[in-house]
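A.B. asks: You'll find my_file.csv just under this line, and it carries CSV, C-alpha atoms and all ligand atoms.
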chain,number,residue,atom,x,y,z
J,1,MET,CA,33.8,-81.9,-39.8
J,2,SER,CA,35.9,-84.9,-38.7
J,3,LYS,CA,34.2,-88.2,-38.2
J,4,LYS,CA,33.4,-89.3,-34.7
J,5,ILE,CA,33.3,-92.4,-32.6
J,6,LEU,CA,29.9,-93.3,-31.2
J,7,VAL,CA,30.1,-94.8,-27.7
J,8,MET,CA,26.8,-96.5,-27.1
J,9,GLY,CA,26.4,-97.1,-23.4
J,10,GLY,CA,29.3,-94.7,-22.7
J,11,ALA,CA,27.8,-93.6,-19.3
J,12,GLY,CA,28.1,-97.1,-17.9
J,13,TYR,CA,31.1,-98.6,-16.0
J,14,ILE,CA,33.4,-99.9,-18.7
J,15,GLY,CA,32.0,-97.5,-21.4
J,16,SER,CA,32.8,-94.4,-19.3
J,17,HIS,CA,36.3,-95.4,-18.6
J,18,THR,CA,36.8,-96.0,-22.3
J,19,VAL,CA,35.4,-92.6,-23.2
J,20,LYS,CA,37.8,-91.0,-20.7
J,21,HIS,CA,40.7,-92.9,-22.3
J,22,LEU,CA,39.7,-92.1,-25.8
J,23,ALA,CA,39.2,-88.4,-25.0
J,24,ALA,CA,42.7,-88.3,-23.4
J,25,LYS,CA,44.1,-89.8,-26.7
J,26,GLY,CA,42.4,-87.1,-28.7
J,27,TYR,CA,39.5,-89.1,-30.1
J,28,ASP,CA,36.3,-87.2,-30.9
J,29,CYS,CA,33.6,-89.2,-29.1
J,30,VAL,CA,29.9,-88.9,-28.8
J,31,VAL,CA,28.3,-90.8,-25.9
J,32,ALA,CA,24.8,-92.2,-26.2
J,33,ASP,CA,23.1,-93.9,-23.3
J,34,ASN,CA,19.5,-94.4,-22.1
J,35,LEU,CA,20.7,-93.7,-18.5
J,36,VAL,CA,18.7,-96.7,-17.2
J,37,TYR,CA,21.9,-97.9,-15.5
J,38,GLY,CA,24.4,-95.3,-16.8
J,39,HIS,CA,25.4,-92.1,-15.0
J,40,ARG,CA,25.4,-88.8,-16.8
J,41,GLU,CA,28.1,-87.7,-14.3
J,42,ALA,CA,30.4,-90.4,-15.6
J,43,VAL,CA,30.7,-88.7,-19.1
J,44,PRO,CA,33.7,-86.3,-19.2
J,45,ALA,CA,32.8,-82.6,-19.6
J,46,GLY,CA,33.2,-81.6,-23.2
J,47,VAL,CA,32.1,-84.9,-24.7
J,48,PRO,CA,28.8,-84.6,-26.4
J,49,PHE,CA,26.0,-86.7,-24.7
J,50,GLU,CA,22.8,-87.9,-26.4
J,51,LYS,CA,20.0,-89.8,-24.8
J,52,ALA,CA,19.2,-92.7,-27.0
J,53,ASP,CA,17.8,-96.2,-26.5
J,54,LEU,CA,18.6,-99.3,-28.5
J,55,ASN,CA,14.9,-100.3,-28.4
J,56,ASP,CA,13.8,-97.0,-29.8
J,57,PRO,CA,15.0,-97.1,-33.4
J,58,SER,CA,13.8,-93.4,-34.0
J,59,SER,CA,16.3,-92.3,-31.3
J,60,LEU,CA,19.1,-94.2,-33.1
J,61,GLU,CA,18.0,-92.7,-36.5
J,62,ALA,CA,18.2,-89.2,-35.0
J,63,LEU,CA,21.6,-89.9,-33.6
J,64,PHE,CA,23.0,-91.3,-36.8
J,65,SER,CA,21.5,-88.4,-38.8
J,66,LYS,CA,23.0,-85.8,-36.5
J,67,TYR,CA,26.6,-87.0,-36.6
J,68,ASP,CA,29.0,-88.6,-39.1
J,69,PHE,CA,30.3,-91.7,-37.3
J,70,GLU,CA,33.5,-93.6,-38.3
J,71,ALA,CA,32.9,-96.5,-35.9
J,72,VAL,CA,30.7,-97.6,-32.9
J,73,LEU,CA,31.9,-98.9,-29.6
J,74,HIS,CA,28.9,-100.8,-28.2
J,75,PHE,CA,28.7,-101.3,-24.4
J,76,ALA,CA,24.9,-100.8,-24.0
J,77,ALA,CA,23.8,-104.1,-22.5
J,78,PHE,CA,22.0,-105.4,-19.4
J,79,ALA,CA,24.5,-107.5,-17.6
J,80,TYR,CA,23.0,-109.1,-14.4
J,81,VAL,CA,23.4,-112.8,-14.9
J,82,GLY,CA,20.8,-113.7,-12.3
J,83,GLU,CA,18.2,-111.3,-13.6
J,84,SER,CA,18.8,-112.7,-17.1
J,85,VAL,CA,17.5,-116.1,-15.8
J,86,THR,CA,14.4,-114.6,-14.1
J,87,ASP,CA,13.6,-112.1,-16.8
J,88,PRO,CA,15.1,-113.3,-20.1
J,89,GLN,CA,12.8,-111.2,-22.2
J,90,LYS,CA,14.4,-108.1,-20.9
J,91,TYR,CA,17.8,-109.4,-21.9
J,92,TYR,CA,16.9,-110.8,-25.4
J,93,HIS,CA,15.0,-107.5,-26.2
J,94,ASN,CA,17.8,-105.1,-25.1
J,95,ASN,CA,20.9,-107.1,-25.8
J,96,VAL,CA,19.8,-108.9,-29.0
J,97,VAL,CA,17.0,-106.9,-30.6
J,98,GLY,CA,18.5,-103.7,-29.5
J,99,THR,CA,21.9,-104.5,-31.0
J,100,LEU,CA,20.1,-105.5,-34.3
J,101,ASN,CA,18.5,-102.1,-34.2
J,102,LEU,CA,21.9,-100.5,-33.8
J,103,LEU,CA,23.4,-102.6,-36.6
J,104,ALA,CA,20.5,-101.5,-38.8
J,105,ALA,CA,21.1,-97.8,-38.1
J,106,MET,CA,24.8,-98.4,-38.9
J,107,LYS,CA,24.0,-100.1,-42.1
J,108,ASN,CA,21.5,-97.4,-43.2
J,109,HIS,CA,24.2,-94.7,-42.6
J,110,GLY,CA,27.1,-96.6,-44.0
J,111,VAL,CA,28.9,-97.1,-40.7
J,112,LYS,CA,30.9,-100.4,-41.0
J,113,LYS,CA,33.0,-100.7,-37.9
J,114,ILE,CA,32.0,-101.9,-34.4
J,115,VAL,CA,33.8,-103.0,-31.2
J,116,PHE,CA,31.5,-105.0,-29.0
J,117,SER,CA,31.5,-105.9,-25.3
J,118,SER,CA,31.3,-109.6,-25.2
J,119,THR,CA,32.1,-111.8,-22.2
J,120,CYS,CA,33.8,-115.0,-21.0
J,121,ALA,CA,30.2,-115.9,-20.0
J,122,THR,CA,29.8,-117.0,-23.7
J,123,TYR,CA,32.0,-120.0,-22.9
J,124,GLY,CA,29.8,-121.4,-20.1
J,125,GLU,CA,31.2,-124.1,-17.8
J,126,PRO,CA,35.0,-124.3,-18.6
J,127,GLN,CA,36.2,-127.5,-20.3
J,128,TYR,CA,39.8,-126.5,-19.8
J,129,THR,CA,41.7,-123.6,-18.2
J,130,PRO,CA,43.2,-121.2,-19.0
J,131,MET,CA,40.6,-120.4,-21.6
J,132,ASP,CA,41.5,-119.3,-25.1
J,133,GLU,CA,39.2,-118.0,-27.9
J,134,GLN,CA,38.9,-121.5,-29.3
J,135,HIS,CA,37.2,-122.8,-26.1
J,136,PRO,CA,33.7,-124.2,-27.0
J,137,GLN,CA,31.0,-121.7,-26.4
J,138,ASN,CA,28.0,-123.2,-24.5
J,139,PRO,CA,26.7,-120.3,-22.3
J,140,ILE,CA,24.7,-121.5,-19.3
J,141,ASN,CA,22.5,-118.4,-18.8
J,142,PRO,CA,20.5,-116.0,-21.1
J,143,TYR,CA,23.0,-113.2,-20.6
J,144,GLY,CA,25.8,-115.2,-22.1
J,145,ARG,CA,23.5,-116.4,-24.8
J,146,THR,CA,22.6,-112.9,-25.8
J,147,LYS,CA,26.2,-112.0,-26.2
J,148,LEU,CA,27.0,-115.2,-28.2
J,149,MET,CA,24.1,-114.6,-30.5
J,150,ILE,CA,25.4,-111.1,-31.4
J,151,GLU,CA,28.9,-112.5,-32.0
J,152,GLN,CA,27.3,-114.9,-34.5
J,153,VAL,CA,25.3,-112.1,-36.1
J,154,PHE,CA,28.6,-110.2,-36.7
J,155,GLY,CA,30.1,-113.1,-38.7
J,156,ASP,CA,27.0,-113.1,-41.0
J,157,TYR,CA,26.9,-109.3,-41.4
J,158,ALA,CA,30.6,-109.3,-42.2
J,159,LYS,CA,30.2,-111.7,-45.1
J,160,ALA,CA,27.0,-110.1,-46.4
J,161,TYR,CA,27.5,-106.4,-45.7
J,162,GLY,CA,31.3,-105.9,-45.1
J,163,LEU,CA,30.9,-105.3,-41.3
J,164,LYS,CA,34.2,-105.0,-39.6
J,165,TYR,CA,34.0,-106.1,-36.0
J,166,ILE,CA,36.0,-107.1,-32.9
J,167,ALA,CA,34.1,-108.7,-30.0
J,168,LEU,CA,36.1,-108.4,-26.8
J,169,ARG,CA,35.4,-111.2,-24.3
J,170,TYR,CA,36.0,-109.7,-20.9
J,171,PHE,CA,36.8,-111.7,-17.8
J,172,ASN,CA,36.1,-109.9,-14.5
J,173,ALA,CA,36.2,-106.1,-15.0
J,174,ALA,CA,37.4,-104.4,-11.8
J,175,GLY,CA,38.9,-101.2,-10.3
J,176,ALA,CA,38.3,-97.6,-11.1
J,177,ALA,CA,40.1,-94.6,-12.8
J,178,ALA,CA,43.4,-94.1,-11.1
J,179,ASP,CA,42.6,-90.4,-10.5
J,180,GLY,CA,39.4,-91.4,-8.6
J,181,SER,CA,37.1,-89.4,-11.0
J,182,ILE,CA,34.9,-92.3,-12.1
J,183,GLY,CA,34.4,-95.8,-11.0
J,184,GLU,CA,32.1,-98.8,-10.6
J,185,ALA,CA,28.5,-97.8,-9.6
J,186,HIS,CA,26.0,-100.5,-10.3
J,187,ASN,CA,22.6,-100.4,-8.7
J,188,PRO,CA,22.0,-103.0,-7.4
J,189,GLU,CA,25.6,-103.9,-6.9
J,190,THR,CA,26.4,-107.6,-7.3
J,191,HIS,CA,30.1,-107.7,-7.9
J,192,LEU,CA,32.6,-109.0,-5.4
J,193,ILE,CA,35.1,-106.2,-5.1
J,194,PRO,CA,32.7,-103.2,-4.5
J,195,LEU,CA,30.7,-105.4,-2.1
J,196,VAL,CA,33.8,-106.3,-0.1
J,197,LEU,CA,34.9,-102.6,0.1
J,198,GLN,CA,31.4,-101.5,1.1
J,199,ALA,CA,31.3,-104.2,3.8
J,200,ILE,CA,34.7,-102.8,5.1
J,201,GLN,CA,33.2,-99.3,5.1
J,202,GLY,CA,30.2,-100.6,7.2
J,203,LYS,CA,27.8,-99.7,4.4
J,204,ARG,CA,26.8,-103.4,4.3
J,205,PRO,CA,26.7,-105.8,7.2
J,206,CYS,CA,29.2,-108.3,5.7
J,207,ILE,CA,30.4,-110.0,2.5
J,208,LYS,CA,28.8,-113.4,1.9
J,209,ILE,CA,31.3,-115.9,0.4
J,210,PHE,CA,29.3,-117.9,-2.1
J,211,GLY,CA,30.7,-121.4,-1.6
J,212,THR,CA,33.8,-122.7,0.2
J,213,ASP,CA,33.7,-126.2,-1.1
J,214,TYR,CA,34.9,-125.6,-4.7
J,215,PRO,CA,37.8,-127.8,-5.9
J,216,THR,CA,40.3,-124.9,-5.6
J,217,PRO,CA,43.2,-124.4,-3.2
J,218,ASP,CA,41.2,-122.5,-0.6
J,219,GLY,CA,37.7,-123.8,-1.6
J,220,THR,CA,36.5,-120.5,-3.1
J,221,CYS,CA,36.0,-119.5,-6.7
J,222,LEU,CA,38.9,-118.3,-8.9
J,223,ARG,CA,38.5,-115.4,-11.3
J,224,ASP,CA,40.6,-113.3,-13.6
J,225,TYR,CA,40.3,-109.6,-12.5
J,226,ILE,CA,41.1,-107.2,-15.3
J,227,HIS,CA,41.5,-103.5,-14.5
J,228,VAL,CA,38.9,-101.3,-16.2
J,229,GLU,CA,41.6,-98.9,-17.5
J,230,ASP,CA,43.3,-101.8,-19.2
J,231,LEU,CA,40.0,-102.7,-20.8
J,232,ALA,CA,39.6,-99.1,-22.0
J,233,GLU,CA,43.0,-99.3,-23.7
J,234,ALA,CA,42.1,-102.6,-25.4
J,235,HIS,CA,39.0,-100.9,-26.9
J,236,ARG,CA,41.1,-98.2,-28.4
J,237,LEU,CA,43.6,-100.7,-29.8
J,238,ALA,CA,40.7,-102.7,-31.2
J,239,LEU,CA,39.2,-99.6,-32.8
J,240,GLU,CA,42.6,-98.9,-34.5
J,241,LYS,CA,42.8,-102.5,-35.7
J,242,LEU,CA,39.4,-102.9,-37.4
J,243,ASP,CA,40.7,-102.3,-40.9
J,244,GLN,CA,43.0,-105.3,-40.6
J,245,TYR,CA,41.2,-107.7,-38.3
J,246,SER,CA,37.7,-108.9,-37.5
J,247,GLY,CA,37.1,-111.5,-34.7
J,248,TYR,CA,37.0,-112.4,-31.1
J,249,ILE,CA,39.5,-111.6,-28.4
J,250,ASN,CA,39.7,-112.5,-24.7
J,251,LEU,CA,40.6,-109.7,-22.3
J,252,GLY,CA,42.0,-111.0,-19.0
J,253,THR,CA,45.3,-111.0,-17.1
J,254,GLY,CA,45.7,-114.8,-17.0
J,255,VAL,CA,46.1,-114.4,-13.2
J,256,LYS,CA,43.6,-116.2,-11.0
J,257,THR,CA,42.5,-114.8,-7.7
J,258,SER,CA,40.1,-116.5,-5.2
J,259,VAL,CA,37.3,-114.9,-3.3
J,260,LYS,CA,39.2,-115.3,-0.1
J,261,GLU,CA,42.3,-113.7,-1.6
J,262,ILE,CA,40.2,-110.7,-2.8
J,263,ILE,CA,39.0,-110.2,0.8
J,264,SER,CA,42.5,-110.5,2.2
J,265,ALA,CA,43.9,-108.1,-0.4
J,266,ALA,CA,41.1,-105.6,0.4
J,267,GLU,CA,41.9,-105.8,4.1
J,268,LYS,CA,45.6,-105.2,3.3
J,269,VAL,CA,44.8,-102.2,1.0
J,270,THR,CA,42.3,-100.6,3.4
J,271,GLY,CA,44.0,-101.6,6.7
J,272,LYS,CA,40.6,-102.7,7.9
J,273,LYS,CA,38.8,-106.0,8.7
J,274,CYS,CA,36.1,-107.2,6.4
J,275,PRO,CA,33.1,-108.9,8.1
J,276,VAL,CA,32.6,-112.2,6.4
J,277,GLU,CA,29.7,-114.8,6.3
J,278,LEU,CA,30.1,-118.2,4.7
J,279,ALA,CA,27.2,-118.9,2.4
J,280,PRO,CA,26.1,-121.6,0.0
J,281,ARG,CA,27.3,-121.6,-3.6
J,282,ARG,CA,25.6,-119.2,-6.0
J,283,ALA,CA,23.9,-121.0,-8.9
J,284,GLY,CA,25.8,-120.9,-12.2
J,285,ASP,CA,29.3,-120.0,-10.7
J,286,PRO,CA,32.0,-122.1,-12.3
J,287,ALA,CA,34.9,-122.9,-9.9
J,288,GLU,CA,37.5,-121.1,-12.0
J,289,LEU,CA,37.5,-118.8,-15.0
J,290,TYR,CA,40.7,-117.3,-16.3
J,291,ALA,CA,42.1,-116.3,-19.7
J,292,ALA,CA,44.9,-117.7,-21.7
J,293,LYS,CA,47.3,-115.0,-22.8
J,294,GLY,CA,47.2,-114.7,-26.6
J,295,LYS,CA,45.2,-112.7,-29.1
J,296,GLY,CA,45.1,-109.6,-26.9
J,297,GLU,CA,48.9,-109.4,-27.2
J,298,THR,CA,49.4,-110.9,-30.7
J,299,VAL,CA,46.5,-109.1,-32.5
J,300,LEU,CA,46.1,-105.9,-30.5
J,301,GLY,CA,49.6,-105.4,-29.1
J,302,TRP,CA,47.8,-105.1,-25.7
J,303,MET,CA,49.4,-105.9,-22.4
J,304,PRO,CA,47.5,-105.3,-19.1
J,305,THR,CA,49.4,-103.0,-16.8
J,306,TYR,CA,47.6,-103.9,-13.6
J,307,MET,CA,48.8,-107.4,-12.8
J,308,ASN,CA,48.6,-107.2,-9.0
J,309,ILE,CA,45.2,-107.5,-7.4
J,310,GLU,CA,46.1,-105.1,-4.6
J,311,ASP,CA,46.8,-102.4,-7.1
J,312,ILE,CA,43.5,-103.0,-8.7
J,313,ILE,CA,41.7,-102.9,-5.4
J,314,ALA,CA,43.5,-99.7,-4.4
J,315,THR,CA,41.9,-97.9,-7.3
J,316,ALA,CA,38.5,-99.2,-6.4
J,317,TRP,CA,39.0,-98.2,-2.8
J,318,LYS,CA,40.0,-94.6,-3.8
J,319,TRP,CA,36.7,-94.4,-5.7
J,320,GLU,CA,34.6,-96.0,-2.9
J,321,GLU,CA,36.0,-93.6,-0.4
J,322,ASN,CA,35.0,-90.6,-2.4
J,323,ARG,CA,32.2,-91.6,-4.7
J,324,LYS,CA,30.7,-88.9,-6.9
J,325,TYR,CA,27.7,-90.9,-8.1
P,1,LIG,N1,31.0,-113.6,-4.9
P,1,LIG,C1,30.8,-113.8,-3.6
P,1,LIG,N2,30.0,-113.0,-2.8
P,1,LIG,C2,29.3,-111.9,-3.4
P,1,LIG,C3,29.5,-111.7,-4.8
P,1,LIG,C4,30.3,-112.5,-5.5
P,1,LIG,O1,31.4,-114.8,-3.0
P,1,LIG,O2,28.6,-111.2,-2.7
P,1,LIG,C5,31.8,-114.4,-5.7
P,1,LIG,C6,31.1,-115.1,-6.8
P,1,LIG,O3,30.6,-116.3,-6.4
P,1,LIG,C7,32.3,-115.3,-7.8
P,1,LIG,C8,33.2,-114.2,-7.5
P,1,LIG,O4,32.8,-113.7,-6.3
P,1,LIG,O5,33.0,-116.5,-7.5
P,1,LIG,C9,33.1,-113.0,-8.6
P,1,LIG,O6,31.7,-112.7,-8.7
P,1,LIG,P1,31.2,-111.4,-9.4
P,1,LIG,O7,29.7,-111.4,-9.3
P,1,LIG,O8,32.0,-110.2,-9.0
P,1,LIG,O9,31.6,-111.7,-10.9
P,1,LIG,P2,31.2,-113.0,-11.8
P,1,LIG,O10,32.4,-113.8,-12.0
P,1,LIG,O11,30.0,-113.7,-11.4
P,1,LIG,O12,30.7,-112.2,-13.1
P,1,LIG,C10,31.5,-111.6,-14.1
P,1,LIG,C11,30.8,-110.5,-14.8
P,1,LIG,C12,29.6,-111.0,-15.5
P,1,LIG,C13,30.0,-112.1,-16.4
P,1,LIG,C14,30.7,-113.1,-15.7
P,1,LIG,C15,31.2,-114.2,-16.5
P,1,LIG,O13,30.4,-109.5,-13.9
P,1,LIG,O14,29.1,-109.9,-16.3
P,1,LIG,O15,31.8,-112.6,-15.0
P,1,LIG,O16,31.3,-115.4,-15.7
P,1,LIG,F1,28.9,-112.6,-17.1
Transcribe the structure of this file into structure tokens.

C.D. replies:
Amino acid sequence: MSKKILVMGGAGYIGSHTVKHLAAKGYDCVVADNLVYGHREAVPAGVPFEKADLNDPSSLEALFSKYDFEAVLHFAAFAYVGESVTDPQKYYHNNVVGTLNLLAAMKNHGVKKIVFSSTCATYGEPQYTPMDEQHPQNPINPYGRTKLMIEQVFGDYAKAYGLKYIALRYFNAAGAAADGSIGEAHNPETHLIPLVLQAIQGKRPCIKIFGTDYPTPDGTCLRDYIHVEDLAEAHRLALEKLDQYSGYINLGTGVKTSVKEIISAAEKVTGKKCPVELAPRRAGDPAELYAAKGKGETVLGWMPTYMNIEDIIATAWKWEENRKY
């Protein structure tokens, strides 16, 4: 039997788009997820699904005993920055202890390759922009710290146990599958683009703009929105690179878009007005975060295909208009 790719957290937003991409490229995946935030419906038909939890080592042991894995893609994390401040234990247990459990199961079963979902939140407050991988890492919330801790664990496990790893530091994941089959479905939703689209649909009273007094051209925060299908492709390229390279790679477009520009683009894409309310700044939001072009291209040979924010929002809108979960 051929070896398989374990996609831990493959029923979540970025995980499910990556599974769809890998399946289309002929990879033999197994999805494992605890379904706390993931959606069973997001896993393509024909891809084996196993319920497993990072904090239940016996479920990991059963998973690794049942299948012969070549590599692991690890998306299974809690990712609400605000909640990580109010309930850090939840984040350290799942994102750190849980990942150590996963690495232990890999070690016990001789699986040496991992691609990991890291984040630009490991950098903290930007000291310069655009941000490259050498930017100092001083995360300002527990969520970012959990991701940085695991990046550091990888370096030690690589030296001691021969682990091969690539940690992908995403900027702002956005959009949905171009065919509308899967998309972003967080509960609760906190991300800008789905909230704007839901306000346009009348499912929410308005979008609150968190801060209009930032030192940016229009006073609102600038972010680097990277399409989820481009992220999916980067994971496949990382998987294929693990024999030659271990390290950390930013995934962004290098294009910065403000909150107000997102709202205008969404109005253009949908042809409808978005009700807006001006609100105070949200704690912990840097004025601008965007990626320097570099290792994605030079190490992975990766180039994002969605460089226009309207194209990204159009895929999110197609999903929001006909959501399946
Ligand atoms: N925003 C609003 N109103 C809202 C929601 C968001 O104005 O209702 C603004 C935010 O203040 C921010 C921008 O829209 O300026 C984007 O906010 P998101 O919550 O969509 O995304 P973040 O940039 O806060 O978070 C993303 C990822 C996190 C990651 C973080 C790194 O979702 O997982 O980038 O900074 F940690």

A.B. asks: Using only C-alpha atoms, which of J:Tyr13, J:Tyr128, J:Phe69, J:Tyr37 sits nearest J:Asn187?

C.D. replies: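 Closest to J:Asn187 of all the choices is J:Tyr37.
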
A.B. asks: Do you know which residues lie at most 10 Å from (28.4, -84.4, -43.6), with coordinates as in the file and only C-alpha atoms counted, and could you write them as an mmCIF file with C-alpha atoms, in the frame of the given file?

C.D. replies:
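Below you can see out20.cif, which holds the result:
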data_model
loop_
_atom_site.group_PDB
_atom_site.id
_atom_site.type_symbol
_atom_site.label_atom_id
_atom_site.label_comp_id
_atom_site.auth_asym_id
_atom_site.auth_seq_id
_atom_site.Cartn_x
_atom_site.Cartn_y
_atom_site.Cartn_z
ATOM 1 C CA MET J 1 33.800 -81.900 -39.800
ATOM 2 C CA SER J 2 35.900 -84.900 -38.700
ATOM 3 C CA LYS J 3 34.200 -88.200 -38.200
ATOM 4 C CA SER J 65 21.500 -88.400 -38.800
ATOM 5 C CA LYS J 66 23.000 -85.800 -36.500
ATOM 6 C CA TYR J 67 26.600 -87.000 -36.600
ATOM 7 C CA ASP J 68 29.000 -88.600 -39.100
ATOM 8 C CA PHE J 69 30.300 -91.700 -37.300
#

A.B. asks: Residues contacting ligand LIG 1 (chain P) - anything with an atom at most 6 Å away, using all atoms listed in the file - can you give me those as number ranges by chain?

C.D. replies: J: 79, 81, 120-121, 171-172, 190-192, 207-210, 221, 259, 282, 285

A.B. asks: May I have the selected residues written with C-alpha atoms, as a PDB file, in the coordinates of the input?

C.D. replies:
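Once everything was written out, this is result.pdb:
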ATOM      1  CA  ALA J  79      24.500-107.500 -17.600  1.00  0.00           C
ATOM      2  CA  VAL J  81      23.400-112.800 -14.900  1.00  0.00           C
ATOM      3  CA  CYS J 120      33.800-115.000 -21.000  1.00  0.00           C
ATOM      4  CA  ALA J 121      30.200-115.900 -20.000  1.00  0.00           C
ATOM      5  CA  PHE J 171      36.800-111.700 -17.800  1.00  0.00           C
ATOM      6  CA  ASN J 172      36.100-109.900 -14.500  1.00  0.00           C
ATOM      7  CA  THR J 190      26.400-107.600  -7.300  1.00  0.00           C
ATOM      8  CA  HIS J 191      30.100-107.700  -7.900  1.00  0.00           C
ATOM      9  CA  LEU J 192      32.600-109.000  -5.400  1.00  0.00           C
ATOM     10  CA  ILE J 207      30.400-110.000   2.500  1.00  0.00           C
ATOM     11  CA  LYS J 208      28.800-113.400   1.900  1.00  0.00           C
ATOM     12  CA  ILE J 209      31.300-115.900   0.400  1.00  0.00           C
ATOM     13  CA  PHE J 210      29.300-117.900  -2.100  1.00  0.00           C
ATOM     14  CA  CYS J 221      36.000-119.500  -6.700  1.00  0.00           C
ATOM     15  CA  VAL J 259      37.300-114.900  -3.300  1.00  0.00           C
ATOM     16  CA  ARG J 282      25.600-119.200  -6.000  1.00  0.00           C
ATOM     17  CA  ASP J 285      29.300-120.000 -10.700  1.00  0.00           C
TER      18      ASP J 285
END

A.B. asks: Distance cut-off 12 Å, centre (50.7, -105.9, -22.9) in file coordinates, counting only C-alpha atoms: which residues qualify? Return them as a list in words.

C.D. replies: Asp230, Leu231, Glu233, Ala234, Leu237, Leu251, Gly252, Thr253, Gly254, Lys293, Gly294, Lys295, Gly296, Glu297, Thr298, Val299, Leu300, Gly301, Trp302, Met303, Pro304, Thr305, Tyr306 and Met307 of chain J

A.B. asks: Rounded to one decimal in Å, what is the spacing between atom CA of J:Leu239 and atom CA of J:Lys4?

C.D. replies: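 Pair atom CA of J:Leu239 / atom CA of J:Lys4 returns 12.0 Å.
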
A.B. asks: Need the shell around J:Glu83: protein/DNA/RNA residues with any atom at most 12 Å away, counting only C-alpha atoms. Skip same-chain ones fewer than 3 positions apart. Format as a ChimeraX atom specification?

C.D. replies: /J:78-80,86-92,141-143,188,190

A.B. asks: I'd like the neighbourhood of J:Leu163 as a PyMOL selection string, where a residue qualifies if any of its atoms comes within 8 Å (using all atoms listed in the file), though same-chain residues fewer than 6 positions away should be ignored.

C.D. replies: chain J and resi 112-114+154+157

A.B. asks: Find, counting all atoms listed in the file, the residue in J:Gly12, J:Pro130, J:Gly162, J:Gly175 that gets nearest to J:Val111.

C.D. replies: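 Looking at the shortest contact to J:Val111, the residue is J:Gly162.
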
A.B. asks: Rank nothing, just name the residue among J:Lys164, J:Lys159, J:Lys25, J:His93 nearest to J:Asp56, using all atoms listed in the file.

C.D. replies: J:His93

A.B. asks: Which polymer residues have any atom within 9 Å of an atom of J:Gln201, counting only C-alpha atoms, with same-chain residues fewer than 5 positions away left out, as a list of chain:residue names?

C.D. replies: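 That gives J:Val196, J:Lys272, J:Cys274, J:Glu320, J:Glu321.
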
A.B. asks: Please measure the separation of atom CA of J:Ala105 and atom CA of J:Arg145, giving the value in Å to one decimal.

C.D. replies: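 Distance between the two atoms: 23.0 Å.
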
A.B. asks: What lies within 8 Å of J:Pro194 using all atoms listed in the file, ignoring chain neighbours under 4 positions off, as a PDB file with C-alpha atoms, in the frame of the given file?

C.D. replies:
ATOM      1  CA  GLU J 184      32.100 -98.800 -10.600  1.00  0.00           C
ATOM      2  CA  GLU J 189      25.600-103.900  -6.900  1.00  0.00           C
ATOM      3  CA  GLN J 198      31.400-101.500   1.100  1.00  0.00           C
ATOM      4  CA  ALA J 316      38.500 -99.200  -6.400  1.00  0.00           C
ATOM      5  CA  GLU J 320      34.600 -96.000  -2.900  1.00  0.00           C
TER       6      GLU J 320
END

A.B. asks: Would you compute the distance between atom CA of J:Met106 and atom CA of J:Pro139? Give it in Å to one decimal.

C.D. replies: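 According to the coordinates, atom CA of J:Met106 and atom CA of J:Pro139 are separated by 27.5 Å.
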
A.B. asks: May I ask which of the residues J:Val153, J:Ala160, J:Ala174, J:Ala199 is the closest one to J:Asn308, counting all atoms listed in the file?

C.D. replies: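 So, comparing all the options, the nearest one is J:Ala174.
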
A.B. asks: Using only C-alpha atoms, determine which residues lie at most 7 Å from stretch 243-250 of chain J, disregarding the query and same-chain residues fewer than 6 positions distant; provide the list as a list of chain:residue names.

C.D. replies: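 Skipping anything fewer than 6 positions along the chain leaves J:Glu133, J:Lys164, J:Tyr165, J:Ile166, J:Ala167, J:Leu168, J:Arg169, J:Tyr170, J:Ala291, J:Lys295, J:Gly296.
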
A.B. asks: Considering all atoms listed in the file, state which residue in the set J:Leu103, J:Ile200, J:Ala52, J:Ala62 is at the smallest distance from J:Lys273.

C.D. replies: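 Nearest candidate to J:Lys273 out of J:Leu103, J:Ile200, J:Ala52, J:Ala62: J:Ile200.
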
A.B. asks: Using all atoms listed in the file, which residue out of J:Leu289, J:Ala185, J:Leu6, J:Ala158 lies closest to J:Leu63?

C.D. replies: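 Once distances to J:Leu63 are computed over all atoms listed in the file, the minimum belongs to J:Leu6.
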
A.B. asks: Got a sec to write stretch 217-223 of chain J of the block to a file, N, CA and C atoms, as a compact mmCIF listing (two decimals), in the first residue's frame?

C.D. replies:
# COMPACT_ATOMS: atom_id res chain seq x y z
N PRO J 217 -2.56 55.62 4.84
CA PRO J 217 -3.16 56.63 3.95
C PRO J 217 -4.63 56.93 4.25
N ASP J 218 -5.46 55.93 4.55
CA ASP J 218 -6.87 56.24 4.84
C ASP J 218 -7.22 56.06 6.32
N GLY J 219 -6.22 55.85 7.15
CA GLY J 219 -6.45 55.78 8.60
C GLY J 219 -6.85 54.39 9.10
N THR J 220 -7.06 53.42 8.17
CA THR J 220 -7.44 52.07 8.62
C THR J 220 -6.28 51.10 8.36
N CYS J 221 -6.34 49.96 9.05
CA CYS J 221 -5.21 49.02 9.03
C CYS J 221 -4.98 48.41 7.66
N LEU J 222 -3.70 48.20 7.36
CA LEU J 222 -3.30 47.55 6.10
C LEU J 222 -2.91 46.10 6.38
N ARG J 223 -3.42 45.19 5.55
CA ARG J 223 -3.10 43.77 5.67
C ARG J 223 -2.78 43.19 4.30
